[in-house]
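Encoded as structure tokens, the structure appears first; notes follow it.
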Amino acid sequence: MKDLVAFSISALALAESAIATAQVGSSVTTALGSFELTKGAACACSKLSRAYSGIISPSSANYTAQAADAYWDVRANLSPACIFLPSTADEISRALEIFQTCDAQFAVRGGGHMNYPGSNNIDGGVLLALEKFGKVKVNAESVEVGPGLTWYDVYAALEAYGRAAIGGRMKTIGVPGLSLIGGFHYFNNKYGYAMDNVLSYDVVLGNGTQVVTNKTSHPDLFWALKGGANNYGIVTKFTLKTYAIPKVSTTIQVFNESGIPDFLAAVCGIAKLDEEDPIAAGMVATVQYNATAKVASASLLGVQEGISRPPSQFANFSAIPATTRINNVTTIRQWASSLDSPKQMFRVMFSHKTMKPDQDALISIYKAWKDAVDEIADVEGLYPTFITNVAPAGAARVALTNGVGNVWGLEAEPYILWQFSTGWALAQDDLRIEAWSRELIERLNTINIEKGLASDFIYMGDAGEWQDPFAGFPAENVARMRAIKASYDPLRVFSRLNWGGFKLNV
Ligand SMILES: Cc1cc2nc3c(=O)[nH]c(=O)nc-3n(C[C@H](O)[C@H](O)[C@H](O)COP(=O)(O)OP(=O)(O)OC[C@H]3O[C@@H](n4cnc5c(N)ncnc54)[C@H](O)[C@@H]3O)c2cc1C
């Protein structure tokens with residue numbers, strides 16, 4: 001950061017004249033850490049405080065609730081200079097104008113689940129938290145949703161109408177982050193990714209202008225927002241397609257270590273399923289390893305559209321001896337209600353790569369991961385998981401045939417996204433875990449490259465902060481994204497002032 005001016009944080013609550021004096025003061029220590037405030041943030045916090053009541057400063061009673069408790073990963077807790085909770089698009093427009101005038105850096109938070117520091121929070125800058133955007137309006141075949149909502153809120157609003165949207169699989173994931181990066185749901189194989197189901201975005205651009213983008217209005221921006229993340233503007237409303245899905249058939253299955261090879265083979269089977277008239281079905285498939293007890297287990301959370309019980313698409317899993325098997329018919333809201341992902345549980349490092357579904361290769365990766373976890377078994381609070389997400393051909397086919405597409409540009413081929421999600425307790429182990437995870441995933445991916453199994457595709461929701469998802473998109477899509485960015489964000493507000501998250505290199 002250039003042009004740093006340290007100043008006393010308590011001055012934020014005071015009038016602008018007082019702030020001007022305070023800018024020559026010392027650096028600041030809050031409950032969450034020490035930081036120096038940029039001159040831009042001092043200016044922006046002051047202007048926001050004059051324009052709106054309720055600006056939160058480090059001395060406010062609710063500062064820690066906003067700057068830390070609202071985040072899933074403890075590493076994402078930072079120390080913003082002030083926090084603004086806008087409730088209208090006009091307020092966001094005004095804030096963006098202020099950020100430009102002051103040259104102030106800012107971060108934006110929706111559901112707070114993106115896990116790495118700086119993706120949705122900021123030291124010494126301004127944090128915009130969108131939780132007041134909580135409106136939801138149900139239409140006949142769509143739903144209008146504010147970016148302050150979680151996917152559970154959306155499923156809950158739709159339940160009475162027997163309809164469902166394509167969003168997150170866990171209860172508390174935010175609508176905005178997931179929709180803007182792609183969105184893995186259970187039913188991707190039939191309905192595409194969450195981004196493919198956004199009919200319209202209301203956006204505030206970097207210069208404060210408000211636009212509505214859809215198939216016919218600003219269609220270039222509409223396309224770029226389908227996977228383009230936080231590079232173009234702040235979305236203040238998502239209009240999502242909904243489907244008549246009154247009931248879902250679910251299965252929870254847990255396997256002990258001897259069942260894991262068959263479990264991973266079944267994951268490959270689900271990825272490869274490509275029926276002409278597909279039944280919407282998908283899952284969360286996770287392997288856990290307790291490196292102290294030296295015990296691994298695997299779990300399946302499977303969901304299928306309709307009421308066939310048990311869900312037919314998971315027959316390959318159901319054939320494996322399980323320690324737990326619970327089948328049910330319920331609603332998507334009820335199912336999601338039991339799948340919370342509590343905030344602030346641990347520090348977490350994600351690393352992920354993509355491959356063609358090959359069961360022998362996937363099983364080898366799992367075994368190598370388990371061996372490697374033993375090397376870090378001494379890390380306090382270690383919580384290692386090996387997660388697979390499937391990207392079936394049918395999911396890509398939706399974007400290939402809907403007349404809009406998305407920035408991923410995936411071919412209609414099946415893929416498996418494999419991910420190490422590693423939790424730990426102490427900051428002193430941050431560098432060790434990152435180095436371990438990076439080395440391991442690169443080494444194992446090299447083997448996949450040699451076997452012709454690797455894909456360059458990287459999903460922002462599963463990636464580590466050190467990974468570059470744009471490098472895995474088709475080059476012509478990235479060039480088009482950059483051109484669209486140049487035209488909608490010519491002042492580079494969303495790269496220069498809002499720099500957290502996965503940014504296009506422009
Ligand atoms: C426990 C867990 C489970 C997950 N499960 C799934 C899953 O089932 N499927 C899946 O696809 N992904 C999943 N993810 C990944 C998840 O989709 C991403 O972390 C996503 O970014 C979360 O959205 P959010 O609104 O909660 O995030 P936030 O952290 O609030 O935001 C993510 C990014 O989007 C930006 N942003 C937020 N709101 C806006 C807005 N209105 N306009 C512009 N930019 C904005 C933020 O600045 C930030 O850079 C999971 C992650 C976790 C931690």
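Chain lettering (A, B, ...) mirrors the order of the structure tokens, residue numbering begins at 1 for each chain separately, and ligand numbering begins at 1 in order of display.
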
Q: Write out as a ChimeraX atom specification which residues come within 8 Å of range 115-125 of chain A when counting only C-alpha atoms, dropping same-chain ones fewer than 2 positions away.
A: /A:35-38,40-41,67,71-73,75-82,104-110,112-113,127,348-349,464-465,499-502

Q. So which residues touch Lys367 in chain A within 12 Å, counting only C-alpha atoms, skipping near sequence neighbours fewer than 4 positions away, as a PyMOL selection string?
A. chain A and resi 257+260-261+264+287+289+296+360-363+371-374+386+440+444

Emit the selected residues as a tab-separated table (two decimals), in the first residue's frame, including N, CA and C atoms.
chain	number	residue	atom	x	y	z
A	257	GLU	N	-12.70	-47.38	6.60
A	257	GLU	CA	-11.54	-47.25	5.71
A	257	GLU	C	-11.52	-48.28	4.58
A	260	ILE	N	-13.25	-47.23	1.35
A	260	ILE	CA	-12.92	-45.98	0.66
A	260	ILE	C	-12.57	-46.17	-0.84
A	261	PRO	N	-11.81	-47.20	-1.21
A	261	PRO	CA	-11.57	-47.37	-2.66
A	261	PRO	C	-12.88	-47.52	-3.45
A	264	LEU	N	-14.57	-44.12	-3.71
A	264	LEU	CA	-13.99	-43.22	-4.74
A	264	LEU	C	-14.35	-43.71	-6.15
A	287	VAL	N	-13.67	-37.58	2.38
A	287	VAL	CA	-12.89	-38.54	3.17
A	287	VAL	C	-12.25	-37.77	4.32
A	289	TYR	N	-9.61	-38.00	7.75
A	289	TYR	CA	-8.54	-38.84	8.30
A	289	TYR	C	-8.11	-38.28	9.64
A	296	ALA	N	-9.25	-43.59	8.90
A	296	ALA	CA	-9.92	-42.82	7.85
A	296	ALA	C	-11.36	-43.31	7.71
A	360	ASP	N	-8.62	-45.52	-10.44
A	360	ASP	CA	-7.31	-45.93	-9.91
A	360	ASP	C	-6.47	-44.70	-9.54
A	361	ALA	N	-6.51	-43.68	-10.41
A	361	ALA	CA	-5.73	-42.47	-10.13
A	361	ALA	C	-6.28	-41.77	-8.88
A	362	LEU	N	-7.61	-41.74	-8.75
A	362	LEU	CA	-8.20	-41.05	-7.60
A	362	LEU	C	-7.85	-41.78	-6.30
A	363	ILE	N	-7.86	-43.10	-6.36
A	363	ILE	CA	-7.53	-43.88	-5.16
A	363	ILE	C	-6.05	-43.67	-4.80
A	371	ASP	N	-0.89	-40.61	3.48
A	371	ASP	CA	0.51	-40.74	3.91
A	371	ASP	C	1.10	-39.37	4.25
A	372	ALA	N	0.77	-38.38	3.40
A	372	ALA	CA	1.33	-37.04	3.62
A	372	ALA	C	0.76	-36.39	4.88
A	373	VAL	N	-0.51	-36.69	5.19
A	373	VAL	CA	-1.10	-36.13	6.41
A	373	VAL	C	-0.33	-36.64	7.64
A	374	ASP	N	0.14	-37.89	7.58
A	374	ASP	CA	0.92	-38.42	8.72
A	374	ASP	C	2.14	-37.56	9.01
A	386	PHE	N	-10.30	-34.82	2.46
A	386	PHE	CA	-10.08	-34.97	1.02
A	386	PHE	C	-11.47	-34.96	0.40
A	440	LEU	N	2.12	-30.91	-2.06
A	440	LEU	CA	1.45	-32.20	-2.25
A	440	LEU	C	0.56	-32.17	-3.49
A	444	LEU	N	1.07	-34.38	-6.95
A	444	LEU	CA	0.10	-35.39	-7.40
A	444	LEU	C	-0.53	-34.99	-8.73

Q: Could you give me, as a list in words, the residues within 12 Å of Val506 in chain A, counting only C-alpha atoms and dropping anything in the same chain fewer than 6 positions from it?
A: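 My list of contacting residues is Asn231, Tyr232, Phe470, Val478, Ala479, Met481, Arg482, Ala483, Ile484, Lys485, Ala486, Ser487, Asp489, Pro490, Leu491, Arg492, Val493, Phe494, Ser495, Arg496 and Trp499 of chain A.
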
Q. For ligand 1, which of A:Val248, A:Ala322, A:Val175, A:Ala393 is the closest residue, counting only C-alpha atoms and all ligand atoms?
A. A:Val175

Q: Tell me, as an NGL selection string, which residues lie within 12 Å of Val203 in chain A, counting only C-alpha atoms; anything in the same chain fewer than 5 positions away does not count.
A: :A and (88-90 or 92-93 or 146-147 or 176 or 180 or 208-214 or 217-218 or 221-222 or 225 or 230-239 or 488-489)

Selection above as a file: C-alpha atoms, as a PDB file, in the first residue's frame:
ATOM      1  CA  THR A  88     -29.916   0.176  -0.673  1.00  0.00           C
ATOM      2  CA  ALA A  89     -28.211   0.248  -4.051  1.00  0.00           C
ATOM      3  CA  ASP A  90     -28.141   4.048  -3.785  1.00  0.00           C
ATOM      4  CA  ILE A  92     -23.637   1.473  -2.356  1.00  0.00           C
ATOM      5  CA  SER A  93     -23.419   3.933  -5.274  1.00  0.00           C
ATOM      6  CA  GLY A 146     -30.707  -9.834  -2.002  1.00  0.00           C
ATOM      7  CA  PRO A 147     -26.975 -10.485  -1.520  1.00  0.00           C
ATOM      8  CA  PRO A 176     -23.624 -13.617  -3.764  1.00  0.00           C
ATOM      9  CA  LEU A 180     -20.611 -15.057  -8.818  1.00  0.00           C
ATOM     10  CA  GLY A 208     -21.587   4.374  -8.861  1.00  0.00           C
ATOM     11  CA  THR A 209     -23.796   3.793 -11.916  1.00  0.00           C
ATOM     12  CA  GLN A 210     -26.553   1.207 -11.435  1.00  0.00           C
ATOM     13  CA  VAL A 211     -27.326  -1.233 -14.235  1.00  0.00           C
ATOM     14  CA  VAL A 212     -29.551  -4.257 -14.683  1.00  0.00           C
ATOM     15  CA  THR A 213     -27.937  -6.998 -16.751  1.00  0.00           C
ATOM     16  CA  ASN A 214     -29.733  -9.866 -18.407  1.00  0.00           C
ATOM     17  CA  SER A 217     -29.639  -5.616 -21.312  1.00  0.00           C
ATOM     18  CA  HIS A 218     -25.829  -5.331 -21.142  1.00  0.00           C
ATOM     19  CA  LEU A 221     -21.642  -7.941 -18.616  1.00  0.00           C
ATOM     20  CA  PHE A 222     -24.346 -10.570 -18.016  1.00  0.00           C
ATOM     21  CA  LEU A 225     -20.750 -12.141 -14.245  1.00  0.00           C
ATOM     22  CA  ASN A 230     -16.017  -9.686  -7.935  1.00  0.00           C
ATOM     23  CA  ASN A 231     -14.256  -8.091 -10.906  1.00  0.00           C
ATOM     24  CA  TYR A 232     -17.090  -5.976 -12.310  1.00  0.00           C
ATOM     25  CA  GLY A 233     -19.256  -4.399  -9.629  1.00  0.00           C
ATOM     26  CA  ILE A 234     -21.327  -5.012  -6.533  1.00  0.00           C
ATOM     27  CA  VAL A 235     -24.445  -7.051  -7.178  1.00  0.00           C
ATOM     28  CA  THR A 236     -27.435  -5.783  -5.213  1.00  0.00           C
ATOM     29  CA  LYS A 237     -30.007  -8.267  -6.512  1.00  0.00           C
ATOM     30  CA  PHE A 238     -29.903 -11.691  -8.154  1.00  0.00           C
ATOM     31  CA  THR A 239     -32.948 -12.965 -10.043  1.00  0.00           C
ATOM     32  CA  TYR A 488     -17.512  -1.388 -17.361  1.00  0.00           C
ATOM     33  CA  ASP A 489     -14.739  -0.613 -14.883  1.00  0.00           C
TER      34      ASP A 489
END

**Q.** In range 402-473 of chain A, DSSP helix (DSSP H, G or I) residues written as a VMD selection string
**A.** chain A and resid 427 to 451 469 to 472

Just C-alpha atoms for this one: save the residues we selected as an mmCIF file, in the first residue's frame.
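Everything below was put into again22.cif:
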data_model
loop_
_atom_site.group_PDB
_atom_site.id
_atom_site.type_symbol
_atom_site.label_atom_id
_atom_site.label_comp_id
_atom_site.auth_asym_id
_atom_site.auth_seq_id
_atom_site.Cartn_x
_atom_site.Cartn_y
_atom_site.Cartn_z
ATOM 1 C CA ALA A 427 -1.270 -19.019 13.260
ATOM 2 C CA GLN A 428 2.269 -20.272 13.771
ATOM 3 C CA ASP A 429 1.430 -23.219 11.493
ATOM 4 C CA ASP A 430 0.007 -21.121 8.631
ATOM 5 C CA LEU A 431 3.097 -21.243 6.433
ATOM 6 C CA ARG A 432 3.777 -24.880 7.163
ATOM 7 C CA ILE A 433 0.281 -25.966 6.155
ATOM 8 C CA GLU A 434 0.284 -23.871 3.002
ATOM 9 C CA ALA A 435 3.675 -25.209 1.914
ATOM 10 C CA TRP A 436 2.628 -28.795 2.678
ATOM 11 C CA SER A 437 -0.665 -28.504 0.810
ATOM 12 C CA ARG A 438 0.818 -26.777 -2.235
ATOM 13 C CA GLU A 439 3.713 -29.184 -2.607
ATOM 14 C CA LEU A 440 1.452 -32.204 -2.255
ATOM 15 C CA ILE A 441 -1.210 -31.128 -4.713
ATOM 16 C CA GLU A 442 1.304 -29.993 -7.336
ATOM 17 C CA ARG A 443 3.221 -33.270 -7.013
ATOM 18 C CA LEU A 444 0.103 -35.388 -7.400
ATOM 19 C CA ASN A 445 -1.231 -33.262 -10.224
ATOM 20 C CA THR A 446 2.056 -33.745 -12.087
ATOM 21 C CA ILE A 447 1.350 -37.470 -12.054
ATOM 22 C CA ASN A 448 -2.100 -36.778 -13.513
ATOM 23 C CA ILE A 449 -0.528 -34.577 -16.197
ATOM 24 C CA GLU A 450 1.835 -37.396 -17.140
ATOM 25 C CA LYS A 451 -1.105 -39.807 -17.357
ATOM 26 C CA PRO A 469 -8.441 -19.899 -11.691
ATOM 27 C CA PHE A 470 -8.301 -17.588 -14.726
ATOM 28 C CA ALA A 471 -5.333 -19.526 -16.091
ATOM 29 C CA GLY A 472 -7.654 -22.510 -16.484
#

**Q.** Selection: 8 Å around range 311-321 of chain A, only C-alpha atoms, excl. self and same-chain fewer than 4 positions, as an MDAnalysis selection string
**A.** chainID A and resid 249:251 253 255 259 262:263 266 269:270 279 281 302:304 307 327

**Q.** strand (DSSP E or B) call set, DSSP backbone run, range 289-465 of chain A, as a ChimeraX atom specification
**A.** /A:289-290,295-305,324-330,346-355,383-391,415-424,454-455

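Shortest separation to ligand 1 among A:Trp408, A:Tyr459, A:Phe420, A:Trp223 occurs at residue A:Tyr459, atoms counted being only C-alpha atoms and all ligand atoms.
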
Q. Can you tell me how far CA of Thr330 in chain A sits from CA of Lys247 in chain A, in Å to one decimal?
A. 5.5 Å

Q. Can you tell me how far CA of Arg309 in chain A sits from atom 50 (C, counted along the ligand's line) of ligand 1, in Å to one decimal?
A.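 Pair CA of Arg309 in chain A / atom 50 (C, counted along the ligand's line) of ligand 1 returns 27.5 Å.
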
Q. Quick one: of A:Leu199, A:Leu85, A:Ile365, A:Ala425, who's nearest to Gly54 in chain A, counting only C-alpha atoms?
A. A:Leu85
